[in-house]
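Coordinates from start-v7.pdb are shown below (PDB, C-alpha atoms).
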```
ATOM      1  CA  MET A  21       0.000   0.000   0.000  1.00  0.00           C
ATOM      2  CA  ALA A  22       1.321   3.447  -0.923  1.00  0.00           C
ATOM      3  CA  ASP A  23       2.240   5.925   1.816  1.00  0.00           C
ATOM      4  CA  TRP A  24      -0.583   8.277   0.832  1.00  0.00           C
ATOM      5  CA  GLN A  25      -3.064   5.447   1.402  1.00  0.00           C
ATOM      6  CA  ASP A  26      -1.619   4.515   4.784  1.00  0.00           C
ATOM      7  CA  THR A  27      -1.745   8.110   5.981  1.00  0.00           C
ATOM      8  CA  LEU A  28      -4.948   9.248   4.241  1.00  0.00           C
ATOM      9  CA  PRO A  29      -6.909   9.976   7.446  1.00  0.00           C
ATOM     10  CA  LEU A  30      -4.080  12.276   8.581  1.00  0.00           C
ATOM     11  CA  TRP A  31      -3.436  14.266   5.410  1.00  0.00           C
ATOM     12  CA  ALA A  32      -7.114  14.352   4.393  1.00  0.00           C
ATOM     13  CA  GLY A  33      -8.001  15.806   7.772  1.00  0.00           C
ATOM     14  CA  ALA A  34      -5.185  18.332   7.364  1.00  0.00           C
ATOM     15  CA  TRP A  35      -6.456  19.151   3.864  1.00  0.00           C
ATOM     16  CA  ALA A  36      -9.844  19.897   5.368  1.00  0.00           C
ATOM     17  CA  ALA A  37      -8.220  22.111   7.994  1.00  0.00           C
ATOM     18  CA  VAL A  38      -6.362  24.329   5.503  1.00  0.00           C
ATOM     19  CA  ARG A  39      -9.691  24.796   3.709  1.00  0.00           C
ATOM     20  CA  GLY A  40     -11.242  25.979   6.975  1.00  0.00           C
ATOM     21  CA  GLN A  41     -13.256  22.811   7.520  1.00  0.00           C
ATOM     22  CA  SER A  42     -13.652  20.470  10.446  1.00  0.00           C
ATOM     23  CA  SER A  43     -13.332  16.717   9.923  1.00  0.00           C
ATOM     24  CA  VAL A  44     -13.802  13.390  11.653  1.00  0.00           C
ATOM     25  CA  PRO A  45     -12.391   9.952  10.797  1.00  0.00           C
ATOM     26  CA  GLU A  46     -14.897   7.549   9.308  1.00  0.00           C
ATOM     27  CA  GLY A  47     -13.810   4.054   8.336  1.00  0.00           C
ATOM     28  CA  SER A  48     -10.643   4.274   6.254  1.00  0.00           C
ATOM     29  CA  GLY A  49     -11.250   7.919   5.328  1.00  0.00           C
ATOM     30  CA  VAL A  50     -12.592  11.151   6.734  1.00  0.00           C
ATOM     31  CA  VAL A  51     -15.780  13.164   6.532  1.00  0.00           C
ATOM     32  CA  THR A  52     -15.433  16.931   6.356  1.00  0.00           C
ATOM     33  CA  ALA A  53     -17.899  19.776   6.482  1.00  0.00           C
ATOM     34  CA  GLN A  54     -17.818  23.518   6.130  1.00  0.00           C
ATOM     35  CA  THR A  55     -19.188  25.499   9.016  1.00  0.00           C
ATOM     36  CA  GLY A  56     -22.593  27.099   8.604  1.00  0.00           C
ATOM     37  CA  GLU A  57     -26.258  26.259   8.517  1.00  0.00           C
ATOM     38  CA  HIS A  58     -26.254  24.763   5.012  1.00  0.00           C
ATOM     39  CA  ALA A  59     -22.914  22.916   5.137  1.00  0.00           C
ATOM     40  CA  HIS A  60     -22.668  19.656   3.212  1.00  0.00           C
ATOM     41  CA  PRO A  61     -20.365  16.736   4.075  1.00  0.00           C
ATOM     42  CA  GLU A  62     -17.474  15.607   1.911  1.00  0.00           C
ATOM     43  CA  TYR A  63     -16.366  11.978   2.136  1.00  0.00           C
ATOM     44  CA  ILE A  64     -12.667  11.538   1.287  1.00  0.00           C
ATOM     45  CA  LEU A  65     -11.574   7.966   0.631  1.00  0.00           C
ATOM     46  CA  ALA A  66      -8.991   5.942  -1.245  1.00  0.00           C
ATOM     47  CA  TRP A  67     -10.328   4.011  -4.231  1.00  0.00           C
ATOM     48  CA  PRO A  68     -10.583   1.123  -4.560  1.00  0.00           C
ATOM     49  CA  GLY A  69     -11.334   0.683  -0.892  1.00  0.00           C
ATOM     50  CA  SER A  70     -13.655  -1.155   1.462  1.00  0.00           C
ATOM     51  CA  ASP A  71     -15.634   1.918   2.495  1.00  0.00           C
ATOM     52  CA  ALA A  72     -16.252   3.425  -0.937  1.00  0.00           C
ATOM     53  CA  ASP A  73     -19.595   1.709  -1.552  1.00  0.00           C
ATOM     54  CA  GLY A  74     -21.135   2.970   1.673  1.00  0.00           C
ATOM     55  CA  ALA A  75     -19.895   6.507   1.087  1.00  0.00           C
ATOM     56  CA  ALA A  76     -21.184   6.494  -2.499  1.00  0.00           C
ATOM     57  CA  ASP A  77     -24.605   5.394  -1.283  1.00  0.00           C
ATOM     58  CA  ALA A  78     -24.614   8.107   1.401  1.00  0.00           C
ATOM     59  CA  VAL A  79     -23.682  10.837  -1.087  1.00  0.00           C
ATOM     60  CA  SER A  80     -26.312   9.716  -3.585  1.00  0.00           C
ATOM     61  CA  GLN A  81     -28.967  10.250  -0.899  1.00  0.00           C
ATOM     62  CA  GLN A  82     -27.695  13.654   0.336  1.00  0.00           C
ATOM     63  CA  PRO A  83     -28.142  16.586  -2.046  1.00  0.00           C
ATOM     64  CA  GLY A  84     -25.015  18.716  -1.933  1.00  0.00           C
ATOM     65  CA  ALA A  85     -22.807  16.036  -0.376  1.00  0.00           C
ATOM     66  CA  VAL A  86     -19.535  15.232  -2.143  1.00  0.00           C
ATOM     67  CA  LEU A  87     -17.621  11.988  -2.579  1.00  0.00           C
ATOM     68  CA  THR A  88     -13.898  12.555  -3.150  1.00  0.00           C
ATOM     69  CA  LEU A  89     -11.999   9.512  -4.368  1.00  0.00           C
ATOM     70  CA  VAL A  90      -8.204   9.459  -4.261  1.00  0.00           C
ATOM     71  CA  THR A  91      -6.893   6.932  -6.742  1.00  0.00           C
ATOM     72  CA  ALA A  92      -4.111   5.808  -9.045  1.00  0.00           C
ATOM     73  CA  ASP A  93      -6.708   5.026 -11.752  1.00  0.00           C
ATOM     74  CA  PRO A  94      -8.958   8.065 -12.261  1.00  0.00           C
ATOM     75  CA  ALA A  95     -10.754   6.652 -15.315  1.00  0.00           C
ATOM     76  CA  ALA A  96     -11.798   3.507 -13.463  1.00  0.00           C
ATOM     77  CA  ALA A  97     -12.827   5.521 -10.405  1.00  0.00           C
ATOM     78  CA  ALA A  98     -14.983   7.793 -12.565  1.00  0.00           C
ATOM     79  CA  GLY A  99     -16.627   4.744 -14.110  1.00  0.00           C
ATOM     80  CA  TYR A 100     -17.284   3.289 -10.669  1.00  0.00           C
ATOM     81  CA  ALA A 101     -18.942   6.527  -9.547  1.00  0.00           C
ATOM     82  CA  ALA A 102     -20.992   6.906 -12.739  1.00  0.00           C
ATOM     83  CA  ALA A 103     -22.404   3.412 -12.253  1.00  0.00           C
ATOM     84  CA  ARG A 104     -23.744   4.656  -8.914  1.00  0.00           C
ATOM     85  CA  GLY A 105     -25.335   7.750 -10.392  1.00  0.00           C
ATOM     86  CA  LEU A 106     -22.624  10.211  -9.368  1.00  0.00           C
ATOM     87  CA  ALA A 107     -21.104  12.844 -11.655  1.00  0.00           C
ATOM     88  CA  SER A 108     -17.698  14.518 -11.513  1.00  0.00           C
ATOM     89  CA  VAL A 109     -17.608  18.082 -10.162  1.00  0.00           C
ATOM     90  CA  ASP A 110     -13.830  18.548  -9.807  1.00  0.00           C
ATOM     91  CA  ILE A 111     -10.556  16.905 -10.785  1.00  0.00           C
ATOM     92  CA  ALA A 112      -7.280  17.532  -8.960  1.00  0.00           C
ATOM     93  CA  VAL A 113      -3.926  15.927  -8.222  1.00  0.00           C
ATOM     94  CA  LEU A 114      -2.349  14.836  -4.927  1.00  0.00           C
ATOM     95  CA  LEU A 115       1.354  15.645  -4.720  1.00  0.00           C
ATOM     96  CA  THR A 116       3.925  14.765  -2.100  1.00  0.00           C
ATOM     97  CA  ALA A 117       7.519  15.697  -1.299  1.00  0.00           C
ATOM     98  CA  PRO A 118      10.139  14.817   1.322  1.00  0.00           C
ATOM     99  CA  THR A 119      10.463  17.941   3.434  1.00  0.00           C
ATOM    100  CA  ASN A 120      14.250  17.810   3.643  1.00  0.00           C
ATOM    101  CA  GLU A 121      14.650  17.643  -0.143  1.00  0.00           C
ATOM    102  CA  LEU A 122      12.803  20.873  -0.907  1.00  0.00           C
ATOM    103  CA  ASN A 123      14.520  24.219  -1.186  1.00  0.00           C
ATOM    104  CA  THR A 124      13.677  26.133   1.995  1.00  0.00           C
ATOM    105  CA  ARG A 125      15.987  29.050   1.298  1.00  0.00           C
ATOM    106  CA  LEU A 126      13.888  32.120   1.865  1.00  0.00           C
ATOM    107  CA  ASP A 127      14.673  34.685  -0.846  1.00  0.00           C
ATOM    108  CA  LEU A 128      12.303  37.519  -0.081  1.00  0.00           C
ATOM    109  CA  PRO A 129      11.971  40.262  -2.668  1.00  0.00           C
ATOM    110  CA  GLU A 130      13.171  43.712  -1.685  1.00  0.00           C
ATOM    111  CA  ASN A 131      10.953  45.577   0.812  1.00  0.00           C
ATOM    112  CA  ALA A 132       9.048  42.377   1.663  1.00  0.00           C
ATOM    113  CA  GLU A 133       8.448  41.027   5.161  1.00  0.00           C
ATOM    114  CA  LEU A 134       7.357  37.582   6.316  1.00  0.00           C
ATOM    115  CA  ALA A 135       4.918  36.948   9.157  1.00  0.00           C
ATOM    116  CA  GLN A 136       3.636  33.694  10.642  1.00  0.00           C
ATOM    117  CA  ALA A 137       0.519  33.230  12.756  1.00  0.00           C
ATOM    118  CA  PRO A 138      -0.928  30.106  14.402  1.00  0.00           C
ATOM    119  CA  LEU A 139      -4.688  29.967  13.886  1.00  0.00           C
ATOM    120  CA  GLU A 140      -7.300  27.506  15.127  1.00  0.00           C
ATOM    121  CA  LEU A 141      -7.234  25.097  12.178  1.00  0.00           C
ATOM    122  CA  TYR A 142      -3.919  25.913  10.505  1.00  0.00           C
ATOM    123  CA  ASP A 143      -0.833  28.110  10.628  1.00  0.00           C
ATOM    124  CA  LEU A 144      -0.740  31.074   8.265  1.00  0.00           C
ATOM    125  CA  VAL A 145       2.325  32.424   6.460  1.00  0.00           C
ATOM    126  CA  GLU A 146       1.962  35.871   4.912  1.00  0.00           C
ATOM    127  CA  ILE A 147       4.266  38.137   2.942  1.00  0.00           C
ATOM    128  CA  SER A 148       3.685  41.890   2.982  1.00  0.00           C
ATOM    129  CA  VAL A 149       5.229  44.739   1.038  1.00  0.00           C
ATOM    130  CA  PHE A 150       4.981  48.123   2.754  1.00  0.00           C
ATOM    131  CA  ASP A 151       2.481  46.508   5.179  1.00  0.00           C
ATOM    132  CA  HIS A 152       0.235  45.393   2.295  1.00  0.00           C
ATOM    133  CA  PRO A 153      -0.320  41.596   2.118  1.00  0.00           C
ATOM    134  CA  VAL A 154       0.780  40.251  -1.269  1.00  0.00           C
ATOM    135  CA  ALA A 155       1.027  36.482  -0.746  1.00  0.00           C
ATOM    136  CA  SER A 156       0.023  33.841   1.782  1.00  0.00           C
ATOM    137  CA  GLY A 157      -0.210  30.135   2.416  1.00  0.00           C
ATOM    138  CA  ARG A 158      -1.541  27.727   5.004  1.00  0.00           C
ATOM    139  CA  ILE A 159      -0.111  24.631   6.666  1.00  0.00           C
ATOM    140  CA  ARG A 160      -1.463  21.980   9.017  1.00  0.00           C
ATOM    141  CA  ILE A 161       0.968  19.576  10.697  1.00  0.00           C
ATOM    142  CA  GLU A 162      -0.170  16.104  11.756  1.00  0.00           C
ATOM    143  CA  ASP A 163       2.011  13.365  13.279  1.00  0.00           C
ATOM    144  CA  GLY A 164       5.042  13.446  10.997  1.00  0.00           C
ATOM    145  CA  LEU A 165       3.428  14.961   7.924  1.00  0.00           C
ATOM    146  CA  ALA A 166       2.129  18.337   6.841  1.00  0.00           C
ATOM    147  CA  PHE A 167      -0.412  19.574   4.330  1.00  0.00           C
ATOM    148  CA  ILE A 168       0.105  22.835   2.448  1.00  0.00           C
ATOM    149  CA  GLY A 169      -2.790  24.717   0.891  1.00  0.00           C
ATOM    150  CA  GLY A 170      -4.342  28.076   0.214  1.00  0.00           C
ATOM    151  CA  VAL A 171      -1.224  29.430  -1.485  1.00  0.00           C
ATOM    152  CA  GLN A 172      -2.120  32.644  -3.270  1.00  0.00           C
ATOM    153  CA  THR A 173      -0.511  35.824  -4.553  1.00  0.00           C
ATOM    154  CA  ASP A 174      -2.095  39.206  -5.163  1.00  0.00           C
ATOM    155  CA  THR A 175       0.482  40.640  -7.551  1.00  0.00           C
ATOM    156  CA  PRO A 176       0.715  38.747 -10.869  1.00  0.00           C
ATOM    157  CA  GLU A 177       3.884  40.544 -11.955  1.00  0.00           C
ATOM    158  CA  SER A 178       5.795  39.214  -8.926  1.00  0.00           C
ATOM    159  CA  GLY A 179       3.650  36.188  -8.168  1.00  0.00           C
ATOM    160  CA  GLY A 180       6.302  33.596  -8.960  1.00  0.00           C
ATOM    161  CA  SER A 181       8.882  34.924  -6.524  1.00  0.00           C
ATOM    162  CA  PHE A 182       6.350  35.519  -3.766  1.00  0.00           C
ATOM    163  CA  GLU A 183       4.824  32.059  -4.193  1.00  0.00           C
ATOM    164  CA  ALA A 184       8.271  30.457  -4.017  1.00  0.00           C
ATOM    165  CA  ALA A 185       9.007  32.379  -0.829  1.00  0.00           C
ATOM    166  CA  VAL A 186       5.711  31.302   0.757  1.00  0.00           C
ATOM    167  CA  LEU A 187       6.352  27.653  -0.151  1.00  0.00           C
ATOM    168  CA  ALA A 188       9.879  27.845   1.265  1.00  0.00           C
ATOM    169  CA  ALA A 189       8.563  29.284   4.535  1.00  0.00           C
ATOM    170  CA  LEU A 190       5.861  26.604   4.785  1.00  0.00           C
ATOM    171  CA  ALA A 191       8.342  23.803   4.086  1.00  0.00           C
ATOM    172  CA  ASP A 192      10.703  25.227   6.701  1.00  0.00           C
ATOM    173  CA  GLU A 193       7.912  25.284   9.288  1.00  0.00           C
ATOM    174  CA  ALA A 194       7.098  21.657   8.500  1.00  0.00           C
ATOM    175  CA  TYR A 195      10.755  20.700   8.913  1.00  0.00           C
ATOM    176  CA  VAL A 196      11.098  22.542  12.221  1.00  0.00           C
ATOM    177  CA  HIS A 197       8.050  20.709  13.588  1.00  0.00           C
ATOM    178  CA  GLY A 198       9.305  17.279  12.536  1.00  0.00           C
ATOM    179  CA  ALA A 199       7.053  16.710   9.523  1.00  0.00           C
ATOM    180  CA  ASP A 200       9.101  14.525   7.172  1.00  0.00           C
ATOM    181  CA  THR A 201       6.546  14.470   4.344  1.00  0.00           C
ATOM    182  CA  LEU A 202       4.554  17.222   2.682  1.00  0.00           C
ATOM    183  CA  TYR A 203       1.274  16.864   0.803  1.00  0.00           C
ATOM    184  CA  THR A 204      -0.783  19.235  -1.289  1.00  0.00           C
ATOM    185  CA  VAL A 205      -3.720  19.021  -3.708  1.00  0.00           C
ATOM    186  CA  LEU A 206      -3.587  21.127  -6.862  1.00  0.00           C
ATOM    187  CA  GLY A 207      -5.463  21.703 -10.076  1.00  0.00           C
ATOM    188  CA  PRO A 208      -3.943  19.929 -13.108  1.00  0.00           C
ATOM    189  CA  GLY A 209      -2.584  23.191 -14.522  1.00  0.00           C
ATOM    190  CA  GLN A 210      -0.383  23.787 -11.459  1.00  0.00           C
ATOM    191  CA  VAL A 211       1.251  20.364 -11.339  1.00  0.00           C
ATOM    192  CA  ALA A 212       4.160  20.947 -13.745  1.00  0.00           C
ATOM    193  CA  ALA A 213       5.531  23.879 -11.740  1.00  0.00           C
ATOM    194  CA  TYR A 214       5.504  21.846  -8.529  1.00  0.00           C
ATOM    195  CA  THR A 215       7.046  18.686  -9.999  1.00  0.00           C
ATOM    196  CA  ALA A 216       9.835  20.846 -11.445  1.00  0.00           C
ATOM    197  CA  SER A 217      10.675  21.991  -7.910  1.00  0.00           C
ATOM    198  CA  GLY A 218      10.832  18.531  -6.322  1.00  0.00           C
ATOM    199  CA  TRP A 219       7.240  17.403  -5.777  1.00  0.00           C
ATOM    200  CA  THR A 220       5.949  14.026  -7.029  1.00  0.00           C
ATOM    201  CA  VAL A 221       2.480  13.093  -8.232  1.00  0.00           C
ATOM    202  CA  ALA A 222       1.104  10.572  -5.739  1.00  0.00           C
ATOM    203  CA  ALA A 223      -2.487  10.073  -6.933  1.00  0.00           C
ATOM    204  CA  HIS A 224      -5.444  11.667  -8.664  1.00  0.00           C
ATOM    205  CA  VAL A 225      -8.374  13.227  -6.836  1.00  0.00           C
ATOM    206  CA  ILE A 226     -11.908  13.058  -8.233  1.00  0.00           C
ATOM    207  CA  SER A 227     -14.798  14.814  -6.486  1.00  0.00           C
ATOM    208  CA  LEU A 228     -18.347  13.734  -7.334  1.00  0.00           C
ATOM    209  CA  ASN A 229     -21.902  14.333  -6.304  1.00  0.00           C
ATOM    210  CA  ALA A 230     -25.428  13.288  -7.201  1.00  0.00           C
ATOM    211  CA  PRO A 231     -26.797  15.464 -10.048  1.00  0.00           C
ATOM    212  CA  ALA A 232     -29.803  17.519  -9.019  1.00  0.00           C
TER     213      ALA A 232
END
```
Encoded form using structure tokens:
Amino acid sequence: MADWQDTLPLWAGAWAAVRGQSSVPEGSGVVTAQTGEHAHPEYILAWPGSDADGAADAVSQQPGAVLTLVTADPAAAAGYAAARGLASVDIAVLLTAPTNELNTRLDLPENAELAQAPLELYDLVEISVFDHPVASGRIRIEDGLAFIGGVQTDTPESGGSFEAAVLAALADEAYVHGADTLYTVLGPGQVAAYTASGWTVAAHVISLNAPA
């Protein structure tokens, strides 16, 4: 079994946290939910897996609920879900990297400052220029691994350098706290830039729900 499968309840719960969601373990996966009156659950599971059938049935009976399958065979997983009346709503990629193999040298652009803040669900890293936030990222550390998410930049002309600085700061925080492995989930268009800097594609991520 691949490492991402063994540790799915940990990194999936951390993924929920950096998205501002709570989560609870359920079977071999986790169930997450946004806060609020009309929040809908998301079931995150490895596929194939023993708990997928029950989660698929639950999602098909809950309007707005989402089934997220993490798999090495996205075409087969999509076929499995379609046979149960579920349709794809998002496609992403799970990437992983050894923390100590990433470049954590922090090259901040001129006039930029870095700040870090521990919040309830995740730690926030933010870069500001003249006290104006221009880039940020989130990290959640769980028992030897860390999940990075929410990386964004507000200045397209300098976005690459700011994003690299945010990622370096997040990787350094993971290393300091003993997280040997990093995970993140990205859209397909972002994957090439990350693999070029030392990340590896671990699996594909398909999110599905029951059509209205």
Identify all residues satisfying the PyMOL selection byres ((chain A and resi 93) around 12) in the given file; provide them as a PyMOL selection string. chain A and resi 66-68+89-92+94-100+113+222-226
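Comparing the minimum interatomic distances between Ala166 (chain A) and each of A:Pro61, A:Gly47, A:Pro118, A:Gly218, counting all atoms listed in the file, we find that A:Pro118 sits nearest.
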I would like the residues chosen by the PyMOL selection byres ((chain A and resi 205-215) around 9) on the shown file; could you give them as an NGL selection string? :A and (35 or 110-116 or 167-169 or 203-204 or 216-221 or 225)
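Using all atoms listed in the file, the smallest distance between any of A:Gln172, A:Gln136, A:Thr119, A:Thr88 and Val51 (chain A) comes from A:Thr88.
Between CA of Pro45 (chain A) and CA of Leu106 (chain A) there is a distance of 22.6 Å.
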Selection: 12 Å around Leu144 (chain A), all atoms listed in the file, excl. self and same-chain fewer than 6 positions, as number ranges by chain: A: 37-40, 134-138, 155-161, 168-172, 186-187, 189-190, 193
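Separating CA of Gln25 (chain A) from CA of His197 (chain A) is a distance of 22.5 Å.
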Do you know which residues the PyMOL selection byres ((chain A and resi 86) around 7) returns on this file, as a PyMOL selection string? chain A and resi 61-63+79+84-85+87-88+227-229
Kindly reconstruct region 197-209 of chain A with N, CA, C and O atoms and present the result as a PDB file, in the frame of the given file.
```
ATOM      1  N   HIS A 197       8.990  21.443  12.739  1.00  0.00           N
ATOM      2  CA  HIS A 197       8.050  20.709  13.588  1.00  0.00           C
ATOM      3  C   HIS A 197       8.092  19.195  13.356  1.00  0.00           C
ATOM      4  O   HIS A 197       7.197  18.466  13.793  1.00  0.00           O
ATOM      5  N   GLY A 198       9.103  18.711  12.664  1.00  0.00           N
ATOM      6  CA  GLY A 198       9.305  17.279  12.536  1.00  0.00           C
ATOM      7  C   GLY A 198       8.434  16.579  11.518  1.00  0.00           C
ATOM      8  O   GLY A 198       8.300  15.345  11.569  1.00  0.00           O
ATOM      9  N   ALA A 199       7.863  17.323  10.573  1.00  0.00           N
ATOM     10  CA  ALA A 199       7.053  16.710   9.523  1.00  0.00           C
ATOM     11  C   ALA A 199       7.973  16.305   8.375  1.00  0.00           C
ATOM     12  O   ALA A 199       8.517  17.162   7.671  1.00  0.00           O
ATOM     13  N   ASP A 200       8.162  15.014   8.182  1.00  0.00           N
ATOM     14  CA  ASP A 200       9.101  14.525   7.172  1.00  0.00           C
ATOM     15  C   ASP A 200       8.527  14.555   5.759  1.00  0.00           C
ATOM     16  O   ASP A 200       9.275  14.539   4.779  1.00  0.00           O
ATOM     17  N   THR A 201       7.197  14.566   5.655  1.00  0.00           N
ATOM     18  CA  THR A 201       6.546  14.470   4.344  1.00  0.00           C
ATOM     19  C   THR A 201       5.524  15.582   4.188  1.00  0.00           C
ATOM     20  O   THR A 201       4.751  15.857   5.112  1.00  0.00           O
ATOM     21  N   LEU A 202       5.521  16.191   3.016  1.00  0.00           N
ATOM     22  CA  LEU A 202       4.554  17.222   2.682  1.00  0.00           C
ATOM     23  C   LEU A 202       3.544  16.690   1.668  1.00  0.00           C
ATOM     24  O   LEU A 202       3.893  15.894   0.792  1.00  0.00           O
ATOM     25  N   TYR A 203       2.314  17.166   1.791  1.00  0.00           N
ATOM     26  CA  TYR A 203       1.274  16.864   0.803  1.00  0.00           C
ATOM     27  C   TYR A 203       0.604  18.159   0.374  1.00  0.00           C
ATOM     28  O   TYR A 203       0.551  19.143   1.123  1.00  0.00           O
ATOM     29  N   THR A 204       0.079  18.161  -0.832  1.00  0.00           N
ATOM     30  CA  THR A 204      -0.783  19.235  -1.289  1.00  0.00           C
ATOM     31  C   THR A 204      -1.685  18.694  -2.384  1.00  0.00           C
ATOM     32  O   THR A 204      -1.378  17.675  -3.004  1.00  0.00           O
ATOM     33  N   VAL A 205      -2.801  19.360  -2.618  1.00  0.00           N
ATOM     34  CA  VAL A 205      -3.720  19.021  -3.708  1.00  0.00           C
ATOM     35  C   VAL A 205      -3.834  20.236  -4.605  1.00  0.00           C
ATOM     36  O   VAL A 205      -4.108  21.346  -4.130  1.00  0.00           O
ATOM     37  N   LEU A 206      -3.619  20.035  -5.909  1.00  0.00           N
ATOM     38  CA  LEU A 206      -3.587  21.127  -6.862  1.00  0.00           C
ATOM     39  C   LEU A 206      -4.453  20.826  -8.079  1.00  0.00           C
ATOM     40  O   LEU A 206      -4.709  19.655  -8.396  1.00  0.00           O
ATOM     41  N   GLY A 207      -4.840  21.867  -8.782  1.00  0.00           N
ATOM     42  CA  GLY A 207      -5.463  21.703 -10.076  1.00  0.00           C
ATOM     43  C   GLY A 207      -4.445  21.204 -11.084  1.00  0.00           C
ATOM     44  O   GLY A 207      -3.239  21.442 -10.942  1.00  0.00           O
ATOM     45  N   PRO A 208      -4.886  20.500 -12.129  1.00  0.00           N
ATOM     46  CA  PRO A 208      -3.943  19.929 -13.108  1.00  0.00           C
ATOM     47  C   PRO A 208      -2.992  20.952 -13.709  1.00  0.00           C
ATOM     48  O   PRO A 208      -1.827  20.633 -13.980  1.00  0.00           O
ATOM     49  N   GLY A 209      -3.425  22.183 -13.907  1.00  0.00           N
ATOM     50  CA  GLY A 209      -2.584  23.191 -14.522  1.00  0.00           C
ATOM     51  C   GLY A 209      -1.426  23.650 -13.664  1.00  0.00           C
ATOM     52  O   GLY A 209      -0.486  24.291 -14.163  1.00  0.00           O
TER      53      GLY A 209
END
```
